[in-house]
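> Got a file for you: my_file_24.csv, CSV, C-alpha atoms and all ligand atoms.
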```
chain,number,residue,atom,x,y,z
A,553,MET,CA,-14.7,16.8,-17.0
A,554,THR,CA,-13.4,17.7,-13.6
A,555,ALA,CA,-14.4,16.1,-10.3
A,556,THR,CA,-17.5,17.7,-8.7
A,557,LEU,CA,-17.3,19.2,-5.2
A,558,GLU,CA,-19.5,16.4,-3.9
A,559,GLN,CA,-17.1,13.7,-5.3
A,560,ARG,CA,-14.1,15.4,-3.8
A,561,LEU,CA,-15.7,15.8,-0.4
A,562,ASP,CA,-16.7,12.1,-0.4
A,563,ALA,CA,-13.1,11.1,-1.3
A,564,PHE,CA,-11.7,13.3,1.4
A,565,ARG,CA,-14.1,11.9,4.0
A,566,ARG,CA,-13.1,8.3,3.0
A,567,LEU,CA,-9.4,9.3,3.2
A,568,ASP,CA,-10.0,10.7,6.7
A,569,ASP,CA,-11.5,7.4,7.8
A,570,ALA,CA,-8.7,5.3,6.4
A,571,LYS,CA,-6.0,7.6,7.7
A,572,LEU,CA,-7.3,7.7,11.3
A,573,THR,CA,-7.8,3.9,11.3
A,574,PHE,CA,-4.2,3.3,10.1
A,575,ALA,CA,-2.8,6.0,12.4
A,576,ARG,CA,-4.3,4.1,15.4
A,577,ARG,CA,-2.2,1.2,14.4
A,578,ASP,CA,1.0,3.3,14.2
A,579,TRP,CA,1.2,2.7,10.4
A,580,PHE,CA,2.4,6.2,9.7
A,581,PRO,CA,5.7,6.6,11.6
A,582,GLY,CA,7.6,9.9,10.9
A,583,THR,CA,5.0,11.3,8.5
A,584,SER,CA,5.5,8.3,6.2
A,585,GLY,CA,2.8,6.8,4.1
A,586,ASN,CA,0.3,8.1,1.6
A,587,LEU,CA,-3.2,7.3,0.5
A,588,SER,CA,-5.4,7.9,-2.5
A,589,ILE,CA,-8.9,7.4,-3.7
A,590,LYS,CA,-9.8,7.6,-7.3
A,591,ILE,CA,-12.6,10.0,-8.4
A,592,GLN,CA,-12.8,9.3,-12.1
A,593,ASN,CA,-11.0,7.3,-14.8
A,594,ASP,CA,-11.4,9.4,-17.9
A,595,PRO,CA,-9.5,11.7,-17.6
A,596,LEU,CA,-7.9,10.2,-14.5
A,597,GLN,CA,-8.4,12.2,-11.3
A,598,PHE,CA,-7.7,11.1,-7.8
A,599,ALA,CA,-7.6,12.5,-4.3
A,600,VAL,CA,-4.2,12.0,-2.6
A,601,THR,CA,-2.6,12.9,0.7
A,602,ALA,CA,-0.5,16.1,0.7
A,603,SER,CA,3.2,15.6,1.2
A,604,GLY,CA,5.0,15.6,4.5
A,605,LYS,CA,2.0,16.0,6.7
A,606,ASP,CA,1.6,14.3,10.1
A,607,LYS,CA,-0.8,11.6,9.0
A,608,THR,CA,-2.0,10.9,12.6
A,609,LYS,CA,-3.9,14.2,12.5
A,610,LEU,CA,-6.8,15.7,10.6
A,611,SER,CA,-6.6,19.1,9.2
A,612,PRO,CA,-8.4,21.1,6.4
A,613,GLU,CA,-5.2,20.8,4.3
A,614,ASP,CA,-4.7,17.1,4.1
A,615,TYR,CA,-5.7,16.2,0.6
A,616,LEU,CA,-5.7,17.5,-3.0
A,617,VAL,CA,-7.0,16.3,-6.3
A,618,VAL,CA,-4.5,15.4,-9.0
A,619,ASP,CA,-4.7,14.4,-12.7
A,620,GLN,CA,-3.1,11.6,-14.7
A,621,ASP,CA,0.3,13.4,-14.6
A,622,SER,CA,0.1,13.7,-10.8
A,623,ARG,CA,-0.4,17.5,-11.1
A,624,PRO,CA,-2.9,19.3,-8.9
A,625,VAL,CA,-6.2,20.0,-10.7
A,626,ASP,CA,-6.8,23.2,-8.7
A,627,GLU,CA,-4.7,26.2,-7.7
A,628,THR,CA,-3.3,25.1,-4.3
A,629,ALA,CA,-0.4,25.7,-2.0
A,630,LEU,CA,-0.4,22.0,-1.1
A,631,LYS,CA,2.1,19.6,-2.6
A,632,PRO,CA,0.9,16.2,-3.6
A,633,SER,CA,2.6,13.2,-2.0
A,634,ALA,CA,6.1,12.8,-3.3
A,635,GLU,CA,5.0,9.3,-4.3
A,636,THR,CA,1.9,10.3,-6.2
A,637,LEU,CA,3.4,8.8,-9.4
A,638,ILE,CA,3.1,5.3,-7.9
A,639,HIS,CA,-0.6,5.8,-7.3
A,640,ALA,CA,-1.0,7.0,-10.9
A,641,VAL,CA,0.8,3.9,-12.1
A,642,VAL,CA,-1.6,1.7,-10.1
A,643,TYR,CA,-4.7,3.4,-11.5
A,644,LYS,CA,-3.4,3.3,-15.1
A,645,SER,CA,-2.4,-0.3,-14.8
A,646,PHE,CA,-5.7,-1.4,-13.2
A,647,PRO,CA,-8.6,0.8,-14.3
A,648,LYS,CA,-10.9,-1.1,-11.8
A,649,ALA,CA,-8.7,0.1,-8.8
A,650,GLY,CA,-10.5,2.7,-6.8
A,651,ALA,CA,-8.2,3.2,-3.9
A,652,CYS,CA,-4.4,2.8,-3.2
A,653,PHE,CA,-2.8,2.8,0.2
A,654,HIS,CA,0.9,2.9,1.2
A,655,VAL,CA,2.3,2.3,4.7
A,656,HIS,CA,5.7,1.7,6.2
A,657,THR,CA,5.6,-0.9,9.0
A,658,VAL,CA,8.4,-2.9,10.7
A,659,TRP,CA,6.9,-6.1,9.4
A,660,ASN,CA,6.7,-5.1,5.8
A,661,ASN,CA,10.2,-3.7,5.9
A,662,LEU,CA,11.6,-6.9,7.4
A,663,ILE,CA,10.0,-9.1,4.8
A,664,SER,CA,11.1,-6.8,2.0
A,665,GLU,CA,14.7,-7.0,3.1
A,666,LEU,CA,14.7,-10.7,3.9
A,667,TYR,CA,13.3,-11.7,0.5
A,668,PHE,CA,14.8,-9.0,-1.7
A,669,GLY,CA,17.4,-11.5,-3.1
A,670,GLN,CA,14.4,-13.4,-4.7
A,671,ARG,CA,12.7,-10.1,-5.7
A,672,ALA,CA,9.5,-11.7,-4.3
A,673,PHE,CA,7.9,-13.0,-1.1
A,674,SER,CA,5.7,-16.1,-1.4
A,675,ILE,CA,3.4,-17.7,1.1
A,676,GLN,CA,0.9,-20.5,0.9
A,677,GLY,CA,-1.9,-22.1,2.9
A,678,GLN,CA,-2.8,-19.2,5.1
A,679,GLU,CA,-6.5,-18.4,5.7
A,680,LEU,CA,-5.8,-14.6,5.4
A,681,ILE,CA,-4.9,-15.1,1.7
A,682,LYS,CA,-8.7,-15.0,1.3
A,683,GLY,CA,-8.5,-11.4,2.5
A,684,LEU,CA,-6.8,-10.7,-0.8
A,685,GLY,CA,-9.8,-12.0,-2.7
A,686,ILE,CA,-8.0,-15.3,-3.5
A,687,TRP,CA,-10.2,-18.2,-2.5
A,688,GLU,CA,-8.7,-21.3,-4.1
A,689,GLU,CA,-7.7,-24.3,-2.0
A,690,ASN,CA,-4.2,-24.0,-0.4
A,691,ALA,CA,-3.5,-20.8,-2.5
A,692,ARG,CA,0.0,-19.5,-2.9
A,693,ILE,CA,0.7,-15.9,-3.4
A,694,THR,CA,3.8,-14.1,-4.6
A,695,VAL,CA,4.3,-10.4,-3.7
A,696,PRO,CA,6.9,-8.7,-5.9
A,697,ILE,CA,9.7,-6.7,-4.2
A,698,VAL,CA,11.4,-3.7,-6.0
A,699,GLU,CA,14.6,-1.8,-5.1
A,700,ASN,CA,14.0,1.4,-3.1
A,701,PHE,CA,15.1,3.9,-5.9
A,702,ALA,CA,15.3,7.4,-4.6
A,703,ASP,CA,14.2,8.7,-8.0
A,704,ILE,CA,10.4,8.4,-7.9
A,705,PRO,CA,9.9,8.1,-11.7
A,706,THR,CA,12.4,5.2,-11.7
A,707,LEU,CA,10.6,3.6,-8.7
A,708,ALA,CA,7.2,4.0,-10.4
A,709,THR,CA,8.5,2.5,-13.6
A,710,GLU,CA,10.0,-0.5,-11.7
A,711,ILE,CA,6.7,-1.0,-9.9
A,712,GLU,CA,4.7,-0.8,-13.2
A,713,LYS,CA,6.9,-3.7,-14.6
A,714,VAL,CA,6.1,-6.1,-11.7
A,715,ILE,CA,2.6,-5.5,-10.5
A,716,THR,CA,0.0,-8.0,-11.6
A,717,PRO,CA,-3.8,-8.2,-11.3
A,718,GLU,CA,-3.6,-11.5,-9.3
A,719,VAL,CA,-1.9,-10.1,-6.2
A,720,PRO,CA,-2.9,-6.5,-5.2
A,721,GLY,CA,0.3,-5.4,-3.7
A,722,VAL,CA,4.0,-4.6,-4.2
A,723,LEU,CA,6.8,-4.3,-1.6
A,724,ILE,CA,9.5,-1.7,-1.8
A,725,ARG,CA,12.8,-2.8,-0.2
A,726,ASN,CA,13.2,-1.4,3.3
A,727,HIS,CA,10.5,1.2,2.5
A,728,GLY,CA,6.9,-0.2,2.6
A,729,ILE,CA,4.0,-1.7,0.8
A,730,TYR,CA,1.6,-0.3,-1.9
A,731,THR,CA,-1.7,-2.1,-2.1
A,732,TRP,CA,-4.9,-1.3,-3.9
A,733,GLY,CA,-8.5,-2.5,-4.4
A,734,GLY,CA,-11.8,-1.7,-6.2
A,735,ASN,CA,-12.6,0.8,-3.4
A,736,ASP,CA,-11.3,2.0,0.0
A,737,PHE,CA,-13.0,-0.9,1.8
A,738,GLU,CA,-11.3,-3.5,-0.4
A,739,ALA,CA,-7.9,-1.7,-0.3
A,740,LYS,CA,-8.0,-1.6,3.5
A,741,ARG,CA,-8.9,-5.4,3.6
A,742,HIS,CA,-6.0,-6.1,1.4
A,743,LEU,CA,-3.6,-4.0,3.5
A,744,GLU,CA,-4.7,-5.8,6.7
A,745,ALA,CA,-4.3,-9.2,5.1
A,746,PHE,CA,-0.8,-8.4,3.8
A,747,GLU,CA,0.3,-7.0,7.1
A,748,PHE,CA,-1.0,-10.1,8.9
A,749,LEU,CA,0.8,-12.4,6.5
A,750,PHE,CA,4.1,-10.5,6.8
A,751,GLU,CA,3.9,-10.4,10.6
A,752,TYR,CA,2.9,-14.1,10.8
A,753,HIS,CA,5.7,-15.2,8.6
A,754,ALA,CA,8.4,-13.1,10.3
A,755,ARG,CA,7.3,-14.3,13.8
A,756,TRP,CA,7.1,-17.9,12.5
A,757,LEU,CA,10.7,-17.7,11.3
A,758,GLN,CA,11.8,-16.4,14.7
A,759,LEU,CA,9.9,-19.0,16.7
A,760,ARG,CA,11.2,-21.8,14.5
A,761,GLN,CA,14.7,-20.6,15.0
A,762,ALA,CA,14.2,-20.4,18.7
A,763,VAL,CA,12.9,-24.0,18.8
A,764,VAL,CA,15.7,-25.3,16.6
A,765,SER,CA,18.3,-23.6,18.9
A,766,THR,CA,16.6,-25.1,22.1
A,767,THR,CA,16.5,-28.6,20.7
A,768,THR,CA,20.1,-28.5,19.4
A,769,THR,CA,21.5,-27.2,22.6
A,770,ASN,CA,19.6,-29.6,24.9
A,801,LIG,C1,9.5,10.4,6.0
A,801,LIG,S1,8.9,9.2,5.0
A,801,LIG,C2,9.7,9.4,3.4
A,801,LIG,C3,8.8,9.6,2.3
A,801,LIG,C4,7.9,8.4,2.1
A,801,LIG,O1,8.3,7.3,1.9
A,801,LIG,C5,6.4,8.5,2.3
A,801,LIG,O2,5.7,7.5,2.3
A,801,LIG,C6,5.8,9.8,2.6
A,801,LIG,O3,5.9,10.8,1.6
A,801,LIG,P1,4.8,11.9,1.4
A,801,LIG,O4,5.4,12.8,0.4
A,801,LIG,O5,3.6,11.2,0.8
A,801,LIG,O6,4.5,12.5,2.7
A,802,ZN,ZN,6.8,5.8,1.4
```
Spit out the file's structure as structure tokens when you get a sec.

Amino acid sequence: MTATLEQRLDAFRRLDDAKLTFARRDWFPGTSGNLSIKIQNDPLQFAVTASGKDKTKLSPEDYLVVDQDSRPVDETALKPSAETLIHAVVYKSFPKAGACFHVHTVWNNLISELYFGQRAFSIQGQELIKGLGIWEENARITVPIVENFADIPTLATEIEKVITPEVPGVLIRNHGIYTWGGNDFEAKRHLEAFEFLFEYHARWLQLRQAVVSTTTTN
């Protein structure tokens, strides 16, 4: 069965909301980023942003519906995001995922490069970890980091190998983050929590270095 018009319009409207919210935060520099909302699992169909668009703007040609092979379900001149395969990997790995968001920010890029040697970024004891749906006392999370392969099928395969149900995100080195959730509300909350944790950690490292330099020179 294919998605109904009502289901498509609902997904497109939700994508508009998420896109404009993230655009206000400058999370789509240089047309980067892509967003999707799942419409159905069996067979998989999801609405995804069209490739190369200015994601700070709304237009009638912003989204299309694709299938499990990332191919458009309808006749369209629009090209799905170049990274649609990664959204498909997320939905196939986690059938409960209902939305998947990808942004490039300075903070997620800095963290991805700083910790690429360990192939993961870990952080503990931060209140915003609860924003990821993890409520245990003094929780520690580990976000995997993969190489930024230019070949998207290779990148998607690498992502498929490292993503886990415990932590709803993956960093791509010097590229950005993919995060997901049961629906668009949850995926947005996860993205905001991740971005807070990345920025906090990067700023904390800077501040600590400044304090160490001041105390050793005085
Ligand atoms: C100019 S950003 C390079 C491609 C990218 O990483 C991205 O997120 C946007 O690609 P899309 O095809 O979804 O527009
Ligand atoms: Zn990207």
> Work out how far apart atom CA of Leu666 of chain A and atom CA of Arg725 of chain A are and give it in Å to one decimal.
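Between atom CA of Leu666 of chain A and atom CA of Arg725 of chain A the gap works out to 9.1 Å.
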> Show me the residues around (-9.1, -25.1, 0.9) - criterion: an atom at most 12 Å away, only C-alpha atoms counted - as a tab-separated table (two decimals) with C-alpha atoms, keeping the file's coordinate frame.

```tsv
chain	number	residue	atom	x	y	z
A	676	GLN	CA	0.90	-20.50	0.90
A	677	GLY	CA	-1.90	-22.10	2.90
A	678	GLN	CA	-2.80	-19.20	5.10
A	679	GLU	CA	-6.50	-18.40	5.70
A	680	LEU	CA	-5.80	-14.60	5.40
A	681	ILE	CA	-4.90	-15.10	1.70
A	682	LYS	CA	-8.70	-15.00	1.30
A	686	ILE	CA	-8.00	-15.30	-3.50
A	687	TRP	CA	-10.20	-18.20	-2.50
A	688	GLU	CA	-8.70	-21.30	-4.10
A	689	GLU	CA	-7.70	-24.30	-2.00
A	690	ASN	CA	-4.20	-24.00	-0.40
A	691	ALA	CA	-3.50	-20.80	-2.50
A	692	ARG	CA	0.00	-19.50	-2.90
```
> Write out as a VMD selection string which residues come within 12 Å of Asp562 of chain A when counting all atoms listed in the file, dropping same-chain ones fewer than 5 positions away.
chain A and resid 555 to 557 567 to 569 589 to 591 598 to 599 615 736
> Give the residue list for ligand LIG 801 (chain A) at 9 Å, counting all atoms listed in the file, as a PyMOL selection string, sorted by chain and then by residue number.
chain A and resi 580-587+600-607+631-636+654-656+727-728
> Skipping near chain neighbours, those fewer than 2 positions away, what residues fall within 9 Å of Phe746 of chain A using only C-alpha atoms, listed as a list in words?
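Skipping anything fewer than 2 positions along the chain leaves Asn660, Leu680, Ile681, Gly683, Leu684, Gly721, Ile729, Thr731, Arg741, His742, Leu743, Glu744, Phe748, Leu749, Phe750 and Glu751 of chain A.
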> Which of these, A:Leu637, A:Leu723, A:Val658, A:Ala708, has the shortest distance to Ser674 of chain A once you count all atoms listed in the file?
A:Leu723
> Between atom CA of Pro696 of chain A and atom CA of Trp756 of chain A, what is the spacing in Å?
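The value is 20.6 Å.
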> Distance atom CA of Ala651 of chain A-atom CA of Ile638 of chain A, one decimal place?
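Atom CA of Ile638 of chain A lies at a distance of 12.2 Å from atom CA of Ala651 of chain A.
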> Please list as a list in words every residue within 8 Å of segment 639-647 of chain A, counting only C-alpha atoms and excluding residues in the same chain fewer than 6 positions away.
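Near neighbours after the sequence-gap exclusion: Ser588, Lys590, Asn593, Gln620, Asp621, Ser622, Ala708, Thr709, Ile711, Glu712, Pro717 and Trp732 of chain A.
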> Could you check which of A:Arg560, A:Val763, A:His753, A:Glu747 is closest to Arg577 of chain A, using only C-alpha atoms?
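Ranking A:Arg560, A:Val763, A:His753, A:Glu747 by distance to Arg577 of chain A, first place goes to A:Glu747.
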> Which one is closest to ligand ZN 802 (chain A): A:Ala739, A:Ala702, A:Leu662, A:Ala570? Count only C-alpha atoms and all ligand atoms.
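Result for the nearest residue to ligand ZN 802 (chain A): A:Ala702.
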> Could you check which of A:Ser664, A:Asn735, A:Thr657, A:Thr608 is closest to ligand ZN 802 (chain A), using only C-alpha atoms and all ligand atoms?
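Smallest separation from ligand ZN 802 (chain A) among the options: A:Thr657.
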> Looking at all atoms listed in the file, which of A:Ala563, A:Thr706, A:Phe653, A:Arg755 is the one that sits closest to ligand ZN 802 (chain A)?
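For ligand ZN 802 (chain A), the nearest of the candidates is A:Phe653.
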